[in-house]
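Novice: Shown below is the structure under consideration.
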Amino acid sequence: MNVTELSVMTLWGATTLYAIAMFAYAIRLARVADEKVAAKAAVAVPVGAGAPADAPLVAEAPAASSPVKRSAKAAGIARATTLVGAMLHAVGLAARGIDAGHVPWSNMYEYTISGSFFAVAAFLIIQRRRDIAFLGAGVTGMATIALGLALTVLYKDVDTLPPALQSYWLVIHVSIATIVTGILTVSFVTSALQLMRDSRATGRRWAGARFRWLEAVPSAAKLEALSFRMNAVGFVLWTFTVMAGAIWAEHAWGRYWGWDPKEVWSFVIWVLYAAYLHARTTQGWAGRRSAWLAIAGYVALIMNFTVVNLFFQGLHTYAGS
Amino acid sequence: MARVKLDNYVVPAAPRLGFRGWLRWIWRQVTSMRVALILLLLLALASIPGSVLPQWPQDAAATRAFVADNPFWGPFLDATGFLDVFGSAWFTAIYLLLFASLIGCIAPRAAHHYRELRRPIAATPRSLSRYDGAGPERADVAPDDALARASAVLRPRAGWVGALRGYRVRIDRRDDGSVALAAETGHMRELGNLVFHASLVAVLLAVAYGTLFTYRGQAIVVEGRSFTNAVSAYDTFSSGSLFDPSDLDPFTIRLDSLDASFSDTGRPLHFQANVTYTEPGEEPVAEEISVNHPLESGDAKVYLQGNGYAPVLTVRDAAGEVAFSGPVVFLAQDAAYTSTGVVKVPDVTTGEQLGFKATLYPTFLEGPFAVGSIHPDPANPVIEMLAYTGDLGLDAGIPQNVYTLDESQLSPVQDEDGQPVTLRLALGETVDLPDGLGSVTFEELPRYGAFDLRADPSLPWLLTAAVLTLVGLATSLFASRRKVWLVARDDDGTTVVTGAAYAPAHDAGVGGVLERAIAAAAGREPAPGAEEKEEE
Ligand code: HEM
């Protein structure tokens, strides 16, 4: 087996494990929701209307009633498959880098495999500090789709770097951009859950029994606080990405900013997240509307990696290859 | 913000605003958070057409073609600024309003912040029940001592240093006999926020300054030739309105060689111009310019932006005299450097002027149906050209594009059958033109470098402003804003301490601070995790 095959095989392995993890996390969510509902019924103390809002971020089920928690088993499987998947993913990424002779983020296939890796890595790192297993299904699900698409549709054989990319700024600028994508992916899942959870809490949508798993998710306010922290990190890093890009453009093209489509979209993303940060502190915009702005920012980010690369002409053309 | 109230006669109680009142009202609207938010959203929205539609400053040729192909939408979008979004009146209006709003926002906030820094912190609220609380706990010492211990773990600092870098603490003895401690931090956050917003203004100012003083010029230099830094020497030159041409230092650059290396499949690997750089009155120095590594010369930088072939061609006229000899710049049309160029020969001794439209194939390959170049390296260079005779139209005084031939007064050279003749020359070959019109020789095949010289005196300022923006932003988002209160009272001889804390919802660490403070007051070890939690 050569390095190329090693990379592709480990990445397929990671895809499979993420898919399994996604199901395990989904099952865990359903079980935790069941256990919560059952525990509530068993305790039968009127908890008051505000109960869901006070659900701890550490979404643990009341343990005393069920000695062997069925959710714990699913959670164990999920965590293990995600971890092993991430290890395979890392091997696949490293092998690709060795194979290509440069950092593995110089075309869309490579962005996708590294961006999805950083999403899972961000999830695992945050999980070490706090229980965010409720995000697992979303994150591993998105990683499965991204890797699957990368390996089937976007795959490209390794190639040398064109002269414009032969710069240490490739390492700085693009790696941070890819890491931001990873972090904001996790945040996107959080914001989406926040909106769903909020809708369920107010009975607007997602209220039926099929969405009972939402009971296993912390309150909208807690999710908003969590996604804010990730968005804050993401925004600072994105600001840095844009600045590093401008410095690189100054080195390579002799102008730091030229409103090339890629630059336009980087700017749009930045402005949307700035709007999100303002919205959080604006009356009537905090909560749902600001969450929608964060989602709009994330959509623009993904557009910048996909539509802009593929369909818009600009100096960043090599990005589409 | 309350619903917008208008100056309305129907509502008798509403005071009439008058002119100055209106101005004040408008200013308050402009500087409100909601307007800032809406302007930001507008800014994002307004940028998008700039990436979808062709734009004059980015790609004039594509924009011209777009206008020509869309008889209605083309001129309409052009007139409304959609083909130059970032220079359009409406885009400018949005960002100028945003910055007006920004300045209107930070100036009062900065003044307020300055006063806040010097003002003593507020006393502990009467009732702590609205906040996340801790306790009650019993302490083994008197209320004053318990709170002194709590204060010690908070490591208070006085004055504005404390306000920025640590906790400021105040302890009050209250009427009901209890003692209350208030501690707060968080001014760093506000300071960072102000620095961030002010630096955005600085970024804008630096960009404006750069636009006024910048200059850039493009020049194509063939291997073995030199170029002097003077406005007239550039093929194209543009500058900001306050640029002074005498600012150019008259250095020269000689292109000794241009290295271009390609992989076997023709992918570019590396481009490098080896040049001799001479400043007036200085010794010449050898320098290298490559993509990503411009040459720095004073304020200016010289970039290698492109390269190609400039075949040396010699044209003899009907009398056998050399009518033209020299390198002709060909522009690459594809990745294999199939390149096109034009030769204009006005100075013939006899007969009509000559013109040529030529295509260079660096690695020529003739297939059954077509000819082409299969690699950008000159393994088998061949030039094919069509010859024209007539009037080149150079005398009209209208500047002509050197890369195109004005065929309006030219006719193609034809063979006996009336077909245009395609001349084919390999390197070193000479071919005769039909009808004794003369001959063409393909002498050499040097490369050329396309250089871009640019100076922008604003760059150091811009970089400083950008770094401040980033530092301010990080401080504003990551510094914490916390308040901690403890109340100790004497309850029949034992001291009872209760506490509460306040921080934004995303700041989980404040609980750890409260726990450490109340543990110190109660004289016990803080619960495990309290330290580490604060780090989060
Ligand atoms: C050029 C446009 C602007 C950009 C890019 C921008 C960006 C930002 C960012 C990224 C933050 C987050 C920092 C934080 O939450 O601490 C922020 C906060 C803030 N901005 Fe702006 N801003 C702009 C204009 C304005 C304007 C015009 C105002 C005045 C209405 C304003 C007032 C504020 C305030 C008060 C905060 C603090 C929010 C808080 O955390 O309580 N900003 N801004």
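We name chains A, B, ... following the order of the structure tokens; residues begin at 1 in each chain, and ligands are numbered from 1 as shown.
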Using only C-alpha atoms, which protein or nucleic acid residues come within 6 Å of region 270-285 of chain A? Drop anything in the same chain fewer than 5 positions from it, and give the result as a ChimeraX atom specification.
Specialist: /A:290,293-294,297 /B:37,40,44
Novice: Hey, which residues come within 9 Å of ligand 1 if we count only C-alpha atoms and all ligand atoms? Could you give them as a ChimeraX atom specification?
Specialist: /A:232,235-236,270-271,273-282 /B:30-37,39-40,95,97-106,109,189-190,192-194,196-197,200-201,472-479
Novice: Do you know which residues are at most 6 Å from region 237-240 of chain B counting only C-alpha atoms, after dropping those on the same chain fewer than 3 positions away, and could you put them as a PyMOL selection string?
Specialist: chain B and resi 211-217+243
Novice: Would you return as number ranges by chain the members of region 111-213 of chain B that DSSP assigns to strand (DSSP E or B) on this structure's backbone?
Specialist: B: 132-139, 156, 167-173, 179-185
Novice: Please indicate the distance in Å from CA of Glu5 (chain A) to CA of Leu310 (chain A), rounded to one decimal place.
Specialist: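 We find that CA of Glu5 (chain A) and CA of Leu310 (chain A) lie 26.7 Å from each other.
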Novice: What lies within 9 Å of Leu128 (chain B) using only C-alpha atoms, ignoring chain neighbours under 5 positions off, as an NGL selection string?
Specialist: :B and (133 or 485 or 498-501)
Novice: With N, CA, C and O atoms retained, write the just-selected residues as a compact mmCIF listing (two decimals), in the first residue's frame.
Specialist:
```
# COMPACT_ATOMS: atom_id res chain seq x y z
N GLY B 133 -26.75 32.92 43.20
CA GLY B 133 -26.23 33.13 44.55
C GLY B 133 -25.42 31.96 45.06
O GLY B 133 -25.31 30.90 44.43
N TRP B 485 -20.51 39.79 44.73
CA TRP B 485 -20.90 40.45 45.99
C TRP B 485 -20.94 39.45 47.12
O TRP B 485 -21.36 38.28 46.93
N THR B 498 -23.48 35.32 52.68
CA THR B 498 -24.15 34.96 51.43
C THR B 498 -23.44 35.70 50.29
O THR B 498 -22.82 36.73 50.51
N GLY B 499 -23.57 35.14 49.12
CA GLY B 499 -22.89 35.77 47.99
C GLY B 499 -23.73 35.71 46.74
O GLY B 499 -24.72 34.97 46.67
N ALA B 500 -23.32 36.48 45.75
CA ALA B 500 -23.97 36.43 44.44
C ALA B 500 -22.97 36.94 43.41
O ALA B 500 -21.99 37.60 43.76
N ALA B 501 -23.23 36.56 42.17
CA ALA B 501 -22.33 37.00 41.11
C ALA B 501 -23.12 37.32 39.88
O ALA B 501 -24.23 36.81 39.69
```
Novice: Point out the residue among B:Phe271, B:Trp25, B:Phe251, B:Phe262 with the least atom-to-atom distance to Glu283 (chain B), counting only C-alpha atoms.
Specialist: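 That would be B:Phe251, the residue with the smallest distance to Glu283 (chain B).
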Novice: So, counting only C-alpha atoms, which residue among B:Pro294, B:Ala508, B:Asp406, B:Gly320 is closest to Glu250 (chain A)?
Specialist: B:Pro294
Novice: Mind dumping a table of every chain B residue within 8 Å of chain A, with the nearest atom pair and its distance in Å to one decimal, using only C-alpha atoms, sorted by chain and rising number, as a Markdown table?
Specialist:
```
| residue | atom | partner | partner_atom | distance |
| --- | --- | --- | --- | --- |
| B:Met1 | CA | A:Gln283 | CA | 6.9 |
| B:Met33 | CA | A:Thr282 | CA | 6.4 |
| B:Arg34 | CA | A:Thr282 | CA | 6.4 |
| B:Leu37 | CA | A:Ala275 | CA | 5.6 |
| B:Leu40 | CA | A:Ala275 | CA | 5.9 |
| B:Leu41 | CA | A:Ala275 | CA | 6.5 |
| B:Leu43 | CA | A:Val271 | CA | 7.5 |
| B:Ala44 | CA | A:Val268 | CA | 4.8 |
| B:Leu45 | CA | A:Val268 | CA | 7.7 |
| B:Ser47 | CA | A:Val264 | CA | 6.6 |
| B:Ile48 | CA | A:Val264 | CA | 7.1 |
| B:Gly50 | CA | A:Val264 | CA | 7.2 |
| B:Ser51 | CA | A:Pro261 | CA | 4.5 |
| B:Val52 | CA | A:Phe312 | CA | 7.1 |
| B:Gln58 | CA | A:Asp260 | CA | 7.2 |
| B:Phe86 | CA | A:Trp259 | CA | 7.9 |
| B:Arg267 | CA | A:Pro162 | CA | 7.3 |
| B:Pro268 | CA | A:Pro162 | CA | 5.8 |
| B:Leu269 | CA | A:Pro162 | CA | 5.8 |
| B:His270 | CA | A:Pro163 | CA | 5.4 |
| B:Phe271 | CA | A:Pro163 | CA | 6.9 |
| B:Val291 | CA | A:Ala252 | CA | 5.8 |
| B:Asn292 | CA | A:Ala252 | CA | 4.2 |
| B:His293 | CA | A:His251 | CA | 6.6 |
| B:Pro294 | CA | A:His251 | CA | 6.7 |
| B:Lys301 | CA | A:Gly254 | CA | 7.8 |
| B:Tyr303 | CA | A:Gly254 | CA | 6.6 |
| B:Gln305 | CA | A:Trp253 | CA | 7.0 |
| B:Asp452 | CA | A:Gly254 | CA | 7.5 |
| B:Leu453 | CA | A:Gly254 | CA | 8.0 |
| B:Arg454 | CA | A:Gly254 | CA | 6.7 |
| B:Ala466 | CA | A:Met243 | CA | 7.3 |
| B:Leu470 | CA | A:Thr239 | CA | 7.0 |
| B:Leu473 | CA | A:Val236 | CA | 6.8 |
| B:Ala474 | CA | A:Val236 | CA | 6.2 |
| B:Leu477 | CA | A:Ala232 | CA | 6.3 |
| B:Phe478 | CA | A:Ala232 | CA | 8.0 |
| B:Ala505 | CA | A:Ala225 | CA | 5.8 |
| B:His506 | CA | A:Ala225 | CA | 4.2 |
| B:Asp507 | CA | A:Ala225 | CA | 7.9 |
```
Novice: DSSP on the backbone, helix (DSSP H, G or I) only: what residues of region 205-315 of chain B does that give? Format it as a list in words.
Specialist: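 So, restricting region 205-315 of chain B to helix (DSSP H, G or I), we get Leu205, Ala206, Val207, Ala208, Tyr209, Gly210, Thr211, Leu212, Phe213, Val231, Ser232, Ala233, Pro245, Ser246 and Asp247 of chain B.
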Novice: So how far away is CA of Asp435 (chain B) from CA of Val345 (chain B), in Å?
Specialist: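 Result for CA of Val345 (chain B) versus CA of Asp435 (chain B): 17.2 Å, one decimal.
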Novice: So what do you get for CA of Ser7 (chain A) versus CA of Leu151 (chain A), distance-wise?
Specialist: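 That distance, rounded to one decimal, is 10.5 Å.
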Novice: Taking 2 positions as the minimum chain separation for residues in the same chain, which residues sit within 10 Å of Ala503 (chain B) when counting only C-alpha atoms? Answer as a PyMOL selection string.
Specialist: chain B and resi 131-132+184+186+480-484+501+505-511
Novice: Save out the residues we just selected, N, CA and C atoms, as a PDB file, in the first residue's frame.
Specialist:
```
ATOM      1  N   TYR B 131     -29.747  37.495  41.388  1.00  0.00           N
ATOM      2  CA  TYR B 131     -28.527  36.953  40.768  1.00  0.00           C
ATOM      3  C   TYR B 131     -28.298  35.519  41.205  1.00  0.00           C
ATOM      4  N   ASP B 132     -27.378  34.858  40.477  1.00  0.00           N
ATOM      5  CA  ASP B 132     -26.969  33.512  40.879  1.00  0.00           C
ATOM      6  C   ASP B 132     -26.251  33.626  42.218  1.00  0.00           C
ATOM      7  N   GLU B 184     -15.632  44.140  41.301  1.00  0.00           N
ATOM      8  CA  GLU B 184     -15.958  44.030  39.881  1.00  0.00           C
ATOM      9  C   GLU B 184     -14.724  44.201  39.011  1.00  0.00           C
ATOM     10  N   GLY B 186     -13.825  44.185  34.469  1.00  0.00           N
ATOM     11  CA  GLY B 186     -14.499  44.177  33.174  1.00  0.00           C
ATOM     12  C   GLY B 186     -14.271  45.415  32.356  1.00  0.00           C
ATOM     13  N   SER B 480     -13.162  39.261  30.712  1.00  0.00           N
ATOM     14  CA  SER B 480     -14.438  38.983  31.363  1.00  0.00           C
ATOM     15  C   SER B 480     -14.989  40.248  31.997  1.00  0.00           C
ATOM     16  N   ARG B 481     -16.281  40.221  32.185  1.00  0.00           N
ATOM     17  CA  ARG B 481     -16.964  41.340  32.823  1.00  0.00           C
ATOM     18  C   ARG B 481     -17.764  40.727  33.961  1.00  0.00           C
ATOM     19  N   ARG B 482     -17.285  40.908  35.175  1.00  0.00           N
ATOM     20  CA  ARG B 482     -17.880  40.172  36.289  1.00  0.00           C
ATOM     21  C   ARG B 482     -18.109  41.066  37.483  1.00  0.00           C
ATOM     22  N   LYS B 483     -19.150  40.730  38.201  1.00  0.00           N
ATOM     23  CA  LYS B 483     -19.382  41.378  39.486  1.00  0.00           C
ATOM     24  C   LYS B 483     -19.609  40.287  40.508  1.00  0.00           C
ATOM     25  N   VAL B 484     -19.005  40.486  41.665  1.00  0.00           N
ATOM     26  CA  VAL B 484     -19.168  39.506  42.748  1.00  0.00           C
ATOM     27  C   VAL B 484     -19.523  40.287  44.005  1.00  0.00           C
ATOM     28  N   ALA B 501     -23.234  36.563  42.169  1.00  0.00           N
ATOM     29  CA  ALA B 501     -22.325  37.000  41.108  1.00  0.00           C
ATOM     30  C   ALA B 501     -23.117  37.317  39.876  1.00  0.00           C
ATOM     31  N   ALA B 505     -24.153  35.615  30.128  1.00  0.00           N
ATOM     32  CA  ALA B 505     -24.540  34.206  30.159  1.00  0.00           C
ATOM     33  C   ALA B 505     -23.427  33.273  29.681  1.00  0.00           C
ATOM     34  N   HIS B 506     -22.602  33.745  28.770  1.00  0.00           N
ATOM     35  CA  HIS B 506     -21.601  32.838  28.199  1.00  0.00           C
ATOM     36  C   HIS B 506     -20.397  32.664  29.122  1.00  0.00           C
ATOM     37  N   ASP B 507     -20.348  33.455  30.199  1.00  0.00           N
ATOM     38  CA  ASP B 507     -19.172  33.434  31.062  1.00  0.00           C
ATOM     39  C   ASP B 507     -19.421  32.484  32.231  1.00  0.00           C
ATOM     40  N   ALA B 508     -19.054  31.222  32.041  1.00  0.00           N
ATOM     41  CA  ALA B 508     -19.332  30.231  33.072  1.00  0.00           C
ATOM     42  C   ALA B 508     -18.337  30.351  34.224  1.00  0.00           C
ATOM     43  N   GLY B 509     -17.247  31.063  34.015  1.00  0.00           N
ATOM     44  CA  GLY B 509     -16.171  31.093  35.001  1.00  0.00           C
ATOM     45  C   GLY B 509     -16.494  31.882  36.249  1.00  0.00           C
ATOM     46  N   VAL B 510     -17.507  32.722  36.182  1.00  0.00           N
ATOM     47  CA  VAL B 510     -17.764  33.588  37.319  1.00  0.00           C
ATOM     48  C   VAL B 510     -18.152  32.789  38.558  1.00  0.00           C
ATOM     49  N   GLY B 511     -18.785  31.641  38.339  1.00  0.00           N
ATOM     50  CA  GLY B 511     -19.170  30.793  39.471  1.00  0.00           C
ATOM     51  C   GLY B 511     -17.960  30.372  40.287  1.00  0.00           C
TER      52      GLY B 511
END
```
Novice: Hey, which of A:Gln194, A:Thr16, A:Ser71, A:Thr82 ends up closest to Ala30 (chain A)? Count only C-alpha atoms.
Specialist: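 Checking each of A:Gln194, A:Thr16, A:Ser71, A:Thr82 against Ala30 (chain A), counting only C-alpha atoms, the winner is A:Ser71.
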Novice: Restricting the calculation to only C-alpha atoms, which member of A:Val299, A:Met230, A:Ile179, A:Val217 is positioned closest to Lys36 (chain A)?
Specialist: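 Checking each of A:Val299, A:Met230, A:Ile179, A:Val217 against Lys36 (chain A), counting only C-alpha atoms, the winner is A:Val217.
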Novice: Within 10 Å of Tyr388 (chain B), counting only C-alpha atoms, which residues show up once you throw out same-chain ones fewer than 4 positions away? Write them as a PyMOL selection string, please.
Specialist: chain B and resi 344+352-357+392+405+407+409-414+420-421
Novice: Please write the residues from the selection above to a file, keeping N, CA and C atoms, as a compact mmCIF listing (two decimals), in the first residue's frame.
Specialist:
```
# COMPACT_ATOMS: atom_id res chain seq x y z
N LYS B 344 4.49 45.06 -36.42
CA LYS B 344 4.13 46.16 -37.31
C LYS B 344 5.41 46.71 -37.93
N GLU B 352 4.45 48.92 -49.81
CA GLU B 352 3.51 49.20 -48.74
C GLU B 352 4.04 48.72 -47.40
N GLN B 353 3.40 49.24 -46.34
CA GLN B 353 3.78 48.80 -44.99
C GLN B 353 3.40 47.33 -44.81
N LEU B 354 4.12 46.66 -43.87
CA LEU B 354 3.86 45.25 -43.61
C LEU B 354 3.35 45.08 -42.19
N GLY B 355 2.47 44.10 -42.03
CA GLY B 355 2.01 43.75 -40.69
C GLY B 355 1.88 42.24 -40.58
N PHE B 356 2.06 41.71 -39.37
CA PHE B 356 1.98 40.25 -39.18
C PHE B 356 1.16 39.94 -37.95
N LYS B 357 0.33 38.91 -38.06
CA LYS B 357 -0.34 38.35 -36.89
C LYS B 357 0.26 36.97 -36.68
N LEU B 392 -0.79 50.60 -41.98
CA LEU B 392 -0.97 50.14 -40.60
C LEU B 392 -1.82 51.10 -39.79
N LEU B 405 -3.73 44.31 -34.51
CA LEU B 405 -3.44 44.89 -35.80
C LEU B 405 -4.72 45.52 -36.32
N GLU B 407 -6.86 46.10 -39.04
CA GLU B 407 -6.89 45.52 -40.38
C GLU B 407 -7.70 46.33 -41.38
N GLN B 409 -7.22 48.93 -43.13
CA GLN B 409 -6.59 49.36 -44.38
C GLN B 409 -5.50 48.39 -44.82
N LEU B 410 -5.62 47.15 -44.35
CA LEU B 410 -4.62 46.13 -44.69
C LEU B 410 -5.29 45.01 -45.47
N SER B 411 -4.51 44.36 -46.35
CA SER B 411 -5.06 43.17 -46.99
C SER B 411 -4.08 42.02 -46.81
N PRO B 412 -4.62 40.81 -46.56
CA PRO B 412 -3.73 39.66 -46.31
C PRO B 412 -2.95 39.30 -47.58
N VAL B 413 -1.73 38.85 -47.35
CA VAL B 413 -0.90 38.37 -48.47
C VAL B 413 -1.45 37.01 -48.90
N GLN B 414 -1.69 36.86 -50.20
CA GLN B 414 -2.34 35.64 -50.68
C GLN B 414 -1.43 34.88 -51.64
N PRO B 420 -5.17 33.18 -48.11
CA PRO B 420 -4.15 33.83 -47.27
C PRO B 420 -3.02 32.85 -46.98
N VAL B 421 -1.81 33.35 -46.99
CA VAL B 421 -0.64 32.49 -46.79
C VAL B 421 -0.29 32.42 -45.32
```
Novice: Which residues, written as a list in words, have at least one atom at most 7 Å from Arg489 (chain B), with only C-alpha atoms counted and residues fewer than 2 positions away on the same chain left out?
Specialist: Pro143, Gly177, Ser178, Val179, Val487, Asp491, Thr495, Val496 and Val497 of chain B
Novice: Quick one: write out the picked residues with N, CA and C atoms as an mmCIF file, in the first residue's frame?
Specialist:
```
data_model
loop_
_atom_site.group_PDB
_atom_site.id
_atom_site.type_symbol
_atom_site.label_atom_id
_atom_site.label_comp_id
_atom_site.auth_asym_id
_atom_site.auth_seq_id
_atom_site.Cartn_x
_atom_site.Cartn_y
_atom_site.Cartn_z
ATOM 1 N N PRO B 143 -17.698 39.237 60.888
ATOM 2 C CA PRO B 143 -18.024 39.605 59.503
ATOM 3 C C PRO B 143 -16.911 40.370 58.816
ATOM 4 N N GLY B 177 -26.333 46.597 60.085
ATOM 5 C CA GLY B 177 -25.295 45.910 60.835
ATOM 6 C C GLY B 177 -24.502 44.922 59.994
ATOM 7 N N SER B 178 -24.960 44.624 58.770
ATOM 8 C CA SER B 178 -24.206 43.684 57.949
ATOM 9 C C SER B 178 -23.058 44.417 57.275
ATOM 10 N N VAL B 179 -22.119 43.605 56.769
ATOM 11 C CA VAL B 179 -20.996 44.158 56.026
ATOM 12 C C VAL B 179 -21.098 43.613 54.600
ATOM 13 N N VAL B 487 -22.178 39.309 51.327
ATOM 14 C CA VAL B 487 -22.737 40.022 52.476
ATOM 15 C C VAL B 487 -22.522 39.145 53.702
ATOM 16 N N ASP B 491 -25.200 36.713 63.130
ATOM 17 C CA ASP B 491 -26.475 36.092 63.449
ATOM 18 C C ASP B 491 -26.321 35.389 64.797
ATOM 19 N N THR B 495 -21.147 34.222 62.271
ATOM 20 C CA THR B 495 -21.161 35.047 61.073
ATOM 21 C C THR B 495 -21.737 34.225 59.930
ATOM 22 N N VAL B 496 -22.689 34.797 59.201
ATOM 23 C CA VAL B 496 -23.301 34.107 58.071
ATOM 24 C C VAL B 496 -22.983 34.917 56.812
ATOM 25 N N VAL B 497 -22.473 34.214 55.835
ATOM 26 C CA VAL B 497 -22.080 34.889 54.592
ATOM 27 C C VAL B 497 -22.958 34.398 53.448
#
```
Novice: I need the residue nearest Gln400 (chain B) from this list: B:Ile518, B:Ile374, B:Val342, B:Ala146. Use only C-alpha atoms for the distance.
Specialist: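 Looking only at the distances to Gln400 (chain B), the closest residue turns out to be B:Val342.
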